[in-house]
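File shown: data-v1.cif. Contents: mmCIF, C-alpha atoms.
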```cif
data_structure
#
loop_
_atom_site.label_atom_id
_atom_site.label_comp_id
_atom_site.auth_asym_id
_atom_site.auth_seq_id
_atom_site.Cartn_x
_atom_site.Cartn_y
_atom_site.Cartn_z
CA MET N 961 0.00 0.00 0.00
CA ASN N 962 2.95 2.34 0.29
CA GLN N 963 3.04 3.18 -3.39
CA PRO N 964 1.63 6.41 -4.80
CA PRO N 965 -1.57 6.09 -6.86
CA SER N 966 -0.18 8.39 -9.60
CA ASP N 967 2.93 10.20 -10.65
CA ARG N 968 1.83 13.55 -9.28
CA THR N 969 1.18 12.11 -5.83
CA ARG N 970 4.67 10.60 -5.52
CA ILE N 971 6.41 12.36 -2.62
CA ARG N 972 10.04 13.03 -3.46
CA ARG N 973 11.27 15.20 -0.56
CA VAL N 974 11.91 13.03 2.52
CA ALA N 975 10.10 10.14 0.83
CA SER N 976 10.39 8.08 4.02
CA ASN N 977 7.64 10.29 5.48
CA ALA N 978 5.21 9.40 2.69
CA HIS N 979 2.09 7.33 3.34
CA TYR N 980 -0.34 6.17 0.67
CA ASP N 981 -2.61 3.89 2.70
CA THR N 982 -6.30 4.51 3.28
CA ALA N 983 -6.21 4.40 7.08
CA THR N 984 -3.66 7.20 7.29
CA LEU N 985 -5.57 9.30 4.77
CA HIS N 986 -8.88 8.84 6.57
CA ALA N 987 -7.35 9.73 9.93
CA ILE N 988 -5.87 12.99 8.62
CA VAL N 989 -9.10 13.98 6.84
CA ASP N 990 -11.29 13.07 9.82
CA ASP N 991 -9.19 15.22 12.13
CA ALA N 992 -9.81 18.29 9.94
CA TYR N 993 -12.56 20.89 9.99
CA LEU N 994 -11.18 22.63 6.92
CA CYS N 995 -9.01 22.13 3.87
CA HIS N 996 -7.28 24.38 1.35
CA ILE N 997 -8.20 23.96 -2.31
CA ALA N 998 -5.89 25.01 -5.15
CA PHE N 999 -7.31 25.69 -8.58
CA SER N 1000 -6.48 27.97 -11.47
CA ASP N 1001 -8.55 30.25 -13.63
CA GLY N 1002 -7.86 33.18 -15.92
CA LYS N 1003 -6.72 35.26 -12.94
CA GLY N 1004 -4.11 32.78 -11.78
CA ALA N 1005 -3.87 30.12 -9.09
CA HIS N 1006 -6.12 30.42 -6.07
CA CYS N 1007 -5.84 28.80 -2.64
CA ILE N 1008 -9.20 28.81 -0.87
CA PRO N 1009 -9.88 27.55 2.65
CA THR N 1010 -13.22 25.82 3.12
CA ALA N 1011 -14.96 23.47 5.52
CA CYS N 1012 -14.72 19.76 4.69
CA TRP N 1013 -15.76 16.36 5.92
CA ARG N 1014 -15.45 12.73 4.82
CA GLU N 1015 -17.97 10.05 4.02
CA GLY N 1016 -16.60 6.74 2.81
CA GLU N 1017 -14.08 7.29 0.05
CA HIS N 1018 -14.95 10.93 -0.69
CA LEU N 1019 -14.10 14.31 0.78
CA TYR N 1020 -17.08 16.69 0.82
CA ILE N 1021 -17.36 20.47 0.75
CA HIS N 1022 -20.27 22.82 0.24
CA GLY N 1023 -20.84 26.32 -1.03
CA SER N 1024 -23.31 28.75 -2.50
CA ASN N 1025 -24.47 27.79 -5.96
CA GLY N 1026 -23.17 31.03 -7.41
CA SER N 1027 -19.70 30.99 -5.91
CA ARG N 1028 -16.76 31.21 -8.25
CA MET N 1029 -15.10 28.29 -6.53
CA VAL N 1030 -18.10 25.98 -6.84
CA LYS N 1031 -18.49 26.74 -10.52
CA HIS N 1032 -14.84 26.27 -11.23
CA LEU N 1033 -14.36 23.09 -9.24
CA LEU N 1034 -17.13 21.34 -11.14
CA GLN N 1035 -15.31 21.96 -14.40
CA ASN N 1036 -11.64 21.59 -13.57
CA GLU N 1037 -9.14 19.50 -11.69
CA CYS N 1038 -7.86 20.75 -8.37
CA CYS N 1039 -5.71 19.84 -5.41
CA VAL N 1040 -7.13 19.65 -1.89
CA THR N 1041 -4.68 19.82 1.01
CA ILE N 1042 -5.16 19.31 4.73
CA THR N 1043 -2.32 20.05 7.15
CA HIS N 1044 -2.17 19.53 10.91
CA LEU N 1045 0.76 21.17 12.69
CA ASP N 1046 1.87 19.07 15.67
CA GLY N 1047 4.99 20.79 16.91
CA LEU N 1048 8.29 22.56 16.44
CA VAL N 1049 11.36 20.33 16.36
CA LEU N 1050 14.33 22.10 17.92
CA ALA N 1051 17.48 20.33 16.80
CA ARG N 1052 21.05 21.05 17.85
CA SER N 1053 22.01 22.34 14.41
CA ALA N 1054 20.17 25.12 12.61
CA PHE N 1055 19.39 23.14 9.47
CA ASN N 1056 18.00 20.11 11.30
CA HIS N 1057 15.20 22.15 12.82
CA SER N 1058 11.86 20.93 11.53
CA MET N 1059 8.15 20.77 12.25
CA ASN N 1060 6.00 17.79 13.15
CA PHE N 1061 2.94 17.66 10.94
CA ARG N 1062 0.42 15.42 9.21
CA SER N 1063 -0.68 16.42 5.73
CA ALA N 1064 -2.85 14.96 3.00
CA MET N 1065 -3.02 16.05 -0.64
CA ILE N 1066 -5.88 14.91 -2.84
CA TYR N 1067 -5.92 15.41 -6.60
CA GLY N 1068 -8.93 15.09 -8.84
CA ARG N 1069 -12.19 16.72 -9.80
CA PHE N 1070 -15.21 17.46 -7.64
CA GLU N 1071 -18.66 16.30 -8.68
CA ALA N 1072 -21.99 17.75 -7.53
CA VAL N 1073 -24.00 15.74 -5.03
CA GLU N 1074 -27.69 16.05 -5.86
CA GLY N 1075 -31.06 15.88 -4.10
CA GLY N 1076 -31.43 13.54 -1.16
CA ALA N 1077 -27.78 12.63 -1.26
CA ALA N 1078 -26.87 16.29 -0.75
CA ARG N 1079 -29.18 16.53 2.27
CA HIS N 1080 -27.73 13.36 3.70
CA ALA N 1081 -24.19 14.70 3.23
CA LEU N 1082 -24.95 18.00 4.97
CA GLU N 1083 -26.52 16.09 7.85
CA ALA N 1084 -23.39 13.96 8.07
CA PHE N 1085 -21.37 17.18 8.29
CA MET N 1086 -23.54 18.37 11.18
CA GLU N 1087 -23.12 14.99 12.86
CA LYS N 1088 -19.35 15.42 12.68
CA LEU N 1089 -19.49 18.96 14.11
CA ALA N 1090 -22.01 18.22 16.87
CA PRO N 1091 -23.30 14.65 17.18
CA GLY N 1092 -27.09 14.63 17.57
CA ARG N 1093 -27.60 18.32 16.82
CA GLN N 1094 -29.32 17.81 13.47
CA ALA N 1095 -32.46 16.61 15.29
CA GLU N 1096 -32.52 19.69 17.54
CA ILE N 1097 -32.11 22.60 15.13
CA ARG N 1098 -34.46 24.34 12.76
CA PRO N 1099 -33.92 22.13 9.72
CA GLY N 1100 -33.01 23.52 6.34
CA SER N 1101 -35.83 24.59 4.07
CA ASP N 1102 -36.18 23.45 0.49
CA LYS N 1103 -35.05 26.93 -0.56
CA GLU N 1104 -31.94 26.77 1.61
CA TYR N 1105 -31.01 23.34 0.31
CA ALA N 1106 -31.63 24.49 -3.26
CA ALA N 1107 -29.24 27.44 -2.87
CA THR N 1108 -26.40 25.25 -1.64
CA THR N 1109 -24.17 23.01 -3.71
CA VAL N 1110 -22.61 19.97 -2.11
CA LEU N 1111 -19.50 18.70 -3.88
CA ARG N 1112 -17.37 15.64 -3.36
CA ILE N 1113 -14.01 14.47 -4.63
CA PRO N 1114 -12.78 10.86 -4.59
CA LEU N 1115 -10.00 10.07 -2.14
CA ALA N 1116 -8.44 7.80 -4.75
CA GLU N 1117 -5.54 9.99 -5.91
CA ALA N 1118 -4.00 11.09 -2.65
CA ALA N 1119 -0.77 11.18 -0.73
CA CYS N 1120 -0.03 11.79 2.94
CA LYS N 1121 3.14 13.01 4.57
CA ILE N 1122 3.85 12.71 8.27
CA ARG N 1123 6.75 13.99 10.31
CA ALA N 1124 6.51 12.83 13.92
CA GLY N 1125 8.75 12.05 16.86
CA GLY N 1126 11.93 13.62 18.06
CA VAL N 1127 14.99 15.40 16.82
CA GLU N 1128 17.18 13.98 14.06
CA ASP N 1129 20.63 15.49 14.37
CA ASP N 1130 23.81 14.41 12.65
CA ALA N 1131 26.25 12.33 14.71
CA GLU N 1132 28.84 15.10 14.86
CA ASP N 1133 26.33 17.53 16.38
CA LEU N 1134 25.05 15.30 19.19
CA ASN N 1135 27.28 16.87 21.82
CA TRP N 1136 26.54 20.47 20.90
CA PRO N 1137 25.60 22.09 24.24
CA VAL N 1138 22.04 23.23 23.59
CA TRP N 1139 18.62 22.09 24.83
CA THR N 1140 17.01 19.89 22.22
CA GLY N 1141 13.51 18.50 21.89
CA VAL N 1142 10.04 19.14 20.56
CA LEU N 1143 7.66 21.99 21.39
CA PRO N 1144 4.27 20.33 20.74
CA LEU N 1145 1.24 22.12 19.33
CA ALA N 1146 -2.35 20.94 19.26
CA ARG N 1147 -5.71 22.22 18.12
CA THR N 1148 -7.55 22.47 21.40
CA PRO N 1149 -11.25 22.94 22.22
CA LEU N 1150 -11.80 25.79 24.68
CA ALA N 1151 -14.77 26.40 26.96
CA PRO N 1152 -18.08 26.78 25.05
CA LEU N 1153 -19.50 30.29 24.75
CA PRO N 1154 -23.31 30.22 24.87
CA GLU N 1155 -25.14 33.11 23.24
CA PRO N 1156 -26.11 35.66 25.91
CA ASP N 1157 -29.81 35.02 25.38
CA CYS N 1158 -29.51 31.24 25.44
CA LYS N 1159 -31.07 29.91 28.64
CA LEU N 1160 -31.28 26.27 27.57
CA PRO N 1161 -29.13 23.55 29.11
CA ALA N 1162 -26.09 22.51 27.12
CA PRO N 1163 -26.42 19.18 25.28
CA ALA N 1164 -23.87 16.40 25.62
CA TYR N 1165 -21.72 17.49 22.66
CA VAL N 1166 -21.34 20.93 24.27
CA LEU N 1167 -20.67 19.60 27.76
CA GLN N 1168 -18.03 17.24 26.39
CA TRP N 1169 -16.46 19.78 24.03
CA ASP N 1170 -13.55 20.91 26.17
CA SER N 1171 -13.45 18.02 28.64
CA CYS N 1172 -10.23 16.67 27.12
CA SER N 1173 -8.39 19.97 27.22
CA SER N 1174 -9.50 20.72 30.79
CA ALA N 1175 -8.08 17.40 31.90
CA THR N 1176 -4.55 18.17 30.71
CA MET C 1308 -7.78 51.15 3.73
CA ASN C 1309 -10.74 48.80 3.35
CA GLN C 1310 -10.45 48.58 -0.41
CA PRO C 1311 -8.90 45.59 -2.18
CA PRO C 1312 -5.53 46.20 -3.84
CA SER C 1313 -6.60 44.38 -7.03
CA ASP C 1314 -9.58 42.78 -8.68
CA ARG C 1315 -8.61 39.24 -7.73
CA THR C 1316 -8.30 40.11 -4.06
CA ARG C 1317 -11.82 41.57 -3.87
CA ILE C 1318 -13.84 39.40 -1.47
CA ARG C 1319 -17.35 38.89 -2.77
CA ARG C 1320 -18.85 36.31 -0.38
CA VAL C 1321 -19.81 37.97 2.94
CA ALA C 1322 -17.88 41.07 1.92
CA SER C 1323 -18.51 42.59 5.35
CA ASN C 1324 -15.91 40.16 6.71
CA ALA C 1325 -13.21 41.47 4.35
CA HIS C 1326 -10.19 43.39 5.63
CA TYR C 1327 -7.51 44.93 3.43
CA ASP C 1328 -5.46 46.84 6.02
CA THR C 1329 -1.84 46.11 6.86
CA ALA C 1330 -2.31 45.62 10.61
CA THR C 1331 -4.86 42.83 10.10
CA LEU C 1332 -2.70 41.14 7.48
CA HIS C 1333 0.42 41.28 9.66
CA ALA C 1334 -1.43 39.88 12.67
CA ILE C 1335 -2.74 36.88 10.71
CA VAL C 1336 0.65 36.15 9.13
CA ASP C 1337 2.53 36.57 12.39
CA ASP C 1338 0.24 34.08 14.14
CA ALA C 1339 1.08 31.39 11.55
CA TYR C 1340 3.82 28.81 11.46
CA LEU C 1341 2.77 27.59 8.02
CA CYS C 1342 0.92 28.60 4.90
CA HIS C 1343 -0.53 26.79 1.89
CA ILE C 1344 0.75 27.79 -1.55
CA ALA C 1345 -1.25 27.22 -4.73
CA PHE C 1346 0.52 27.08 -8.07
CA SER C 1347 0.00 25.29 -11.34
CA ASP C 1348 2.31 23.37 -13.64
CA GLY C 1349 1.87 20.85 -16.42
CA LYS C 1350 0.46 18.33 -13.94
CA GLY C 1351 -2.29 20.62 -12.67
CA ALA C 1352 -2.81 22.81 -9.63
CA HIS C 1353 -0.88 22.01 -6.46
CA CYS C 1354 -1.52 23.08 -2.88
CA ILE C 1355 1.64 22.75 -0.80
CA PRO C 1356 1.96 23.45 2.92
CA THR C 1357 5.21 25.04 3.99
CA ALA C 1358 6.68 26.96 6.91
CA CYS C 1359 6.51 30.75 6.65
CA TRP C 1360 7.40 33.90 8.51
CA ARG C 1361 7.19 37.65 7.97
CA GLU C 1362 9.75 40.42 7.87
CA GLY C 1363 8.48 43.89 7.08
CA GLU C 1364 6.26 43.81 4.03
CA HIS C 1365 7.21 40.33 2.80
CA LEU C 1366 6.25 36.76 3.62
CA TYR C 1367 9.23 34.39 3.58
CA ILE C 1368 9.55 30.66 2.95
CA HIS C 1369 12.52 28.39 2.38
CA GLY C 1370 13.23 25.14 0.61
CA SER C 1371 15.86 22.97 -0.98
CA ASN C 1372 17.37 24.45 -4.11
CA GLY C 1373 16.25 21.50 -6.17
CA SER C 1374 12.64 21.33 -5.05
CA ARG C 1375 9.94 21.51 -7.67
CA MET C 1376 8.10 24.13 -5.69
CA VAL C 1377 11.10 26.43 -5.32
CA LYS C 1378 11.87 26.27 -9.02
CA HIS C 1379 8.29 26.87 -10.00
CA LEU C 1380 7.59 29.69 -7.58
CA LEU C 1381 10.52 31.71 -8.89
CA GLN C 1382 9.04 31.63 -12.38
CA ASN C 1383 5.29 31.89 -11.88
CA GLU C 1384 2.60 33.69 -9.95
CA CYS C 1385 1.00 31.92 -7.02
CA CYS C 1386 -1.45 32.37 -4.18
CA VAL C 1387 -0.39 31.98 -0.54
CA THR C 1388 -3.12 31.38 2.03
CA ILE C 1389 -3.02 31.26 5.81
CA THR C 1390 -6.08 30.19 7.78
CA HIS C 1391 -6.61 30.09 11.53
CA LEU C 1392 -9.69 28.21 12.73
CA ASP C 1393 -11.11 29.82 15.87
CA GLY C 1394 -14.33 27.93 16.52
CA LEU C 1395 -17.55 26.29 15.44
CA VAL C 1396 -20.61 28.53 15.41
CA LEU C 1397 -23.70 26.56 16.36
CA ALA C 1398 -26.75 28.51 15.21
CA ARG C 1399 -30.38 27.65 15.77
CA SER C 1400 -30.97 26.92 12.11
CA ALA C 1401 -28.95 24.47 10.08
CA PHE C 1402 -27.87 26.92 7.38
CA ASN C 1403 -26.70 29.61 9.80
CA HIS C 1404 -24.06 27.33 11.26
CA SER C 1405 -20.62 28.71 10.53
CA MET C 1406 -17.01 28.73 11.63
CA ASN C 1407 -14.98 31.50 13.19
CA PHE C 1408 -11.71 31.97 11.35
CA ARG C 1409 -9.04 34.43 10.28
CA SER C 1410 -7.59 34.00 6.80
CA ALA C 1411 -5.18 35.85 4.57
CA MET C 1412 -4.63 35.36 0.84
CA ILE C 1413 -1.58 36.82 -0.85
CA TYR C 1414 -1.15 36.93 -4.62
CA GLY C 1415 2.07 37.58 -6.47
CA ARG C 1416 5.42 36.08 -7.34
CA PHE C 1417 8.22 34.98 -5.04
CA GLU C 1418 11.75 36.27 -5.52
CA ALA C 1419 14.94 34.62 -4.30
CA VAL C 1420 16.69 36.20 -1.32
CA GLU C 1421 20.45 35.97 -1.81
CA GLY C 1422 23.62 35.85 0.27
CA GLY C 1423 23.69 37.69 3.56
CA ALA C 1424 20.04 38.64 3.26
CA ALA C 1425 19.12 34.94 3.09
CA ARG C 1426 21.13 34.20 6.24
CA HIS C 1427 19.53 37.11 7.99
CA ALA C 1428 16.05 35.91 6.98
CA LEU C 1429 16.66 32.36 8.23
CA GLU C 1430 17.92 33.77 11.51
CA ALA C 1431 14.77 35.87 11.78
CA PHE C 1432 12.75 32.67 11.26
CA MET C 1433 14.63 31.01 14.15
CA GLU C 1434 14.04 34.08 16.28
CA LYS C 1435 10.31 33.73 15.67
CA LEU C 1436 10.31 30.00 16.51
CA ALA C 1437 12.52 30.26 19.58
CA PRO C 1438 13.79 33.72 20.59
CA GLY C 1439 17.51 33.65 21.37
CA ARG C 1440 18.10 30.11 20.08
CA GLN C 1441 20.15 31.14 17.06
CA ALA C 1442 23.09 32.00 19.33
CA GLU C 1443 22.95 28.60 21.06
CA ILE C 1444 22.79 26.12 18.19
CA ARG C 1445 25.40 24.77 15.82
CA PRO C 1446 25.14 27.45 13.14
CA GLY C 1447 24.56 26.62 9.50
CA SER C 1448 27.63 25.91 7.39
CA ASP C 1449 28.32 27.59 4.09
CA LYS C 1450 27.34 24.35 2.40
CA GLU C 1451 24.02 24.19 4.24
CA TYR C 1452 23.20 27.78 3.40
CA ALA C 1453 24.19 27.22 -0.22
CA ALA C 1454 21.79 24.25 -0.53
CA THR C 1455 18.82 26.25 0.73
CA THR C 1456 16.79 28.81 -1.17
CA VAL C 1457 15.04 31.57 0.74
CA LEU C 1458 12.12 33.14 -1.11
CA ARG C 1459 9.92 36.09 -0.32
CA ILE C 1460 6.70 37.48 -1.73
CA PRO C 1461 5.44 41.04 -1.24
CA LEU C 1462 2.42 41.44 1.03
CA ALA C 1463 1.12 44.12 -1.35
CA GLU C 1464 -1.64 42.17 -3.11
CA ALA C 1465 -3.50 40.59 -0.26
CA ALA C 1466 -6.91 40.21 1.31
CA CYS C 1467 -8.01 39.03 4.74
CA LYS C 1468 -11.31 37.60 5.83
CA ILE C 1469 -12.37 37.29 9.44
CA ARG C 1470 -15.46 35.72 10.95
CA ALA C 1471 -15.60 36.29 14.71
CA GLY C 1472 -18.13 36.59 17.48
CA GLY C 1473 -21.39 34.87 18.10
CA VAL C 1474 -24.31 33.35 16.29
CA GLU C 1475 -26.23 35.21 13.58
CA ASP C 1476 -29.67 33.70 13.30
CA ASP C 1477 -32.66 35.05 11.46
CA ALA C 1478 -35.33 36.79 13.57
CA GLU C 1479 -37.90 34.04 13.01
CA ASP C 1480 -35.51 31.39 14.38
CA LEU C 1481 -34.55 33.13 17.61
CA ASN C 1482 -37.01 31.18 19.73
CA TRP C 1483 -36.16 27.77 18.33
CA PRO C 1484 -35.55 25.64 21.45
CA VAL C 1485 -31.94 24.59 20.98
CA TRP C 1486 -28.67 25.49 22.72
CA THR C 1487 -26.81 28.06 20.66
CA GLY C 1488 -23.33 29.46 20.91
CA VAL C 1489 -19.72 29.01 19.85
CA LEU C 1490 -17.42 26.05 20.46
CA PRO C 1491 -14.00 27.77 20.41
CA LEU C 1492 -10.83 26.20 19.06
CA ALA C 1493 -7.26 27.35 19.53
CA ARG C 1494 -3.80 26.24 18.55
CA THR C 1495 -2.29 25.47 21.93
CA PRO C 1496 1.31 24.85 23.03
CA LEU C 1497 1.63 21.62 25.02
CA ALA C 1498 4.38 20.63 27.47
CA PRO C 1499 7.85 20.53 25.85
CA LEU C 1500 9.33 17.10 25.14
CA PRO C 1501 13.11 17.12 25.66
CA GLU C 1502 15.11 14.51 23.77
CA PRO C 1503 15.83 11.55 26.10
CA ASP C 1504 19.58 12.24 26.04
CA CYS C 1505 19.25 15.97 26.66
CA LYS C 1506 20.46 16.76 30.17
CA LEU C 1507 20.76 20.52 29.72
CA PRO C 1508 18.44 22.99 31.45
CA ALA C 1509 15.59 24.35 29.36
CA PRO C 1510 16.09 27.91 28.12
CA ALA C 1511 13.48 30.63 28.65
CA TYR C 1512 11.67 30.06 25.36
CA VAL C 1513 11.12 26.40 26.35
CA LEU C 1514 10.11 27.16 29.93
CA GLN C 1515 7.61 29.74 28.68
CA TRP C 1516 6.30 27.62 25.80
CA ASP C 1517 3.20 26.17 27.46
CA SER C 1518 2.83 28.63 30.31
CA CYS C 1519 -0.22 30.25 28.71
CA SER C 1520 -2.05 27.00 28.09
CA SER C 1521 -1.30 25.67 31.59
CA ALA C 1522 -2.86 28.77 33.06
CA THR C 1523 -6.23 28.25 31.38
#
```

Please, can you express the file's structure as structure tokens?
Amino acid sequence: MNQPPSDRTRIRRVASNAHYDTATLHAIVDDAYLCHIAFSDGKGAHCIPTACWREGEHLYIHGSNGSRMVKHLLQNECCVTITHLDGLVLARSAFNHSMNFRSAMIYGRFEAVEGGAARHALEAFMEKLAPGRQAEIRPGSDKEYAATTVLRIPLAEAACKIRAGGVEDDAEDLNWPVWTGVLPLARTPLAPLPEPDCKLPAPAYVLQWDSCSSAT
Amino acid sequence: MNQPPSDRTRIRRVASNAHYDTATLHAIVDDAYLCHIAFSDGKGAHCIPTACWREGEHLYIHGSNGSRMVKHLLQNECCVTITHLDGLVLARSAFNHSMNFRSAMIYGRFEAVEGGAARHALEAFMEKLAPGRQAEIRPGSDKEYAATTVLRIPLAEAACKIRAGGVEDDAEDLNWPVWTGVLPLARTPLAPLPEPDCKLPAPAYVLQWDSCSSAT
């Protein structure tokens, strides 16, 4: 499984950090709330951040029907990238400094998701953001659904790159007298902020939101 | 100052969230350790994550001389995007859900930074990552510097977009009986991880690394 699915997904720089298996790809995508999408038009290359989620072997996004990005992505190939920054790697020598990260790049073309499948996909997105919330909120109207395009891209042509763990210094630098190690970074949930006029009790997904970060 | 510097930087979707002033742009760039760069070549559009930093009115990156991205960026226009995700906005109606974020898009072309200016820029990068560390580490050799290209792009053609604050529901949904508010997210420094064989005391920038997050 550790072979790239295409020439343009073959990682050449630090190829030992490349991963082409499905489990790694799914884990990186599932840990993301947003991706960056690169595409080109007559005005040049664009790099647009947008919310994303996964169902099965596709990455999903959504947008207004009239948006430039939606129109363009349905007609052209693009590259979708997700990057999680996990830490700064402070080596003993300047040029062995690095960052720990997990990234995924997906090449291909988005297709529109229509009708009931689009509703299902948006509900799956809500389920990822706040499990159970879809049943509590004012549901989308036919007009709202009609004004929104759901798009998906296959996860077939993808490559992941992961740098994890500690410092990698050259043998001759190992005795250089400087502190060395990793300064970790994490995306952390902070305490929920209810709207001032919200008097309702918080549901489970709100109560549990920052329980992990409070425990550390 | 709230006018876009070019047609392609004019934000059309939720234009009230657009910012074109220098202070906003600098703040978003300075809070980032990495950016995503979109460019196109014969194999399509690519979206590459890479470390970045700012000096004055330029965003800097670095890479190996031989890298595809370095070669391409010196010859073609690109788009550099930085996005910070600040929270999930849980509205009362499905289609008013949103995310809080701060993003910056920079269009233009990178130029190579040569000689002493390149060394100075890499030292400024280290100063951002770990203030004072440059004087402690094994400095780069001439060979290491020669194998690395430093590039910079002007911050002149840029646009920022910020979504902050609370929920924005329509008047007719305000009494819908569901918890509503923001689930905040932050990039948080976690406790430093010294290399197992590192017996040296931690310098100030390591001791202070996770002091903010421990206090919350």

Give me the residues near stretch 1033-1039 of chain N as number ranges by chain, where near means some atom within 8 Å (using all atoms listed in the file) and where sequence neighbours in that chain fewer than 5 positions away do not count. N: 997-1000, 1065-1072; C: 1351-1354

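A straight line drawn from atom CA of C:Gly1422 to atom CA of C:Ala1453 is 8.7 Å long.
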
What gap, in Å, lies between atom CA of N:Ile988 and atom CA of C:Phe1402? 26.1 Å

Mind checking which residues fall within 10 Å of C:Thr1329, counting only C-alpha atoms, ignoring those fewer than 6 positions away in the same chain, and posting them as a compact mmCIF listing (two decimals) with C-alpha atoms, in the coordinates of the input?
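Contents of the output file part.txt:
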```
# COMPACT_ATOMS: atom_id res chain seq x y z
CA MET C 1308 -7.78 51.15 3.73
CA ASN C 1309 -10.74 48.80 3.35
CA GLU C 1364 6.26 43.81 4.03
CA LEU C 1462 2.42 41.44 1.03
CA ALA C 1463 1.12 44.12 -1.35
CA ALA C 1465 -3.50 40.59 -0.26
CA ALA C 1466 -6.91 40.21 1.31
CA CYS C 1467 -8.01 39.03 4.74
```

Around the point (20.5, 34.1, 2.0) (coordinates from the file), which residues reach within 12 Å if we count all atoms listed in the file? Answer as a ChimeraX atom specification. /C:1367-1370,1372,1418-1431,1447,1449-1459

Exercise: N:Arg1014 partners within 7 Å, all atoms listed in the file, chain neighbours under 3 positions left out, as a PyMOL selection string: chain N and resi 989-990+1018-1020

Residue contacts of C:Thr1357 (7 Å, all atoms listed in the file) excluding same-chain residues fewer than 6 positions away, as a ChimeraX atom specification: /C:1341-1343

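Distances from C:Ala1509, C:Ala1398, C:Ala1437, C:Leu1490 to C:Tyr1340 were compared using all atoms listed in the file, and the smallest one belongs to C:Ala1437.
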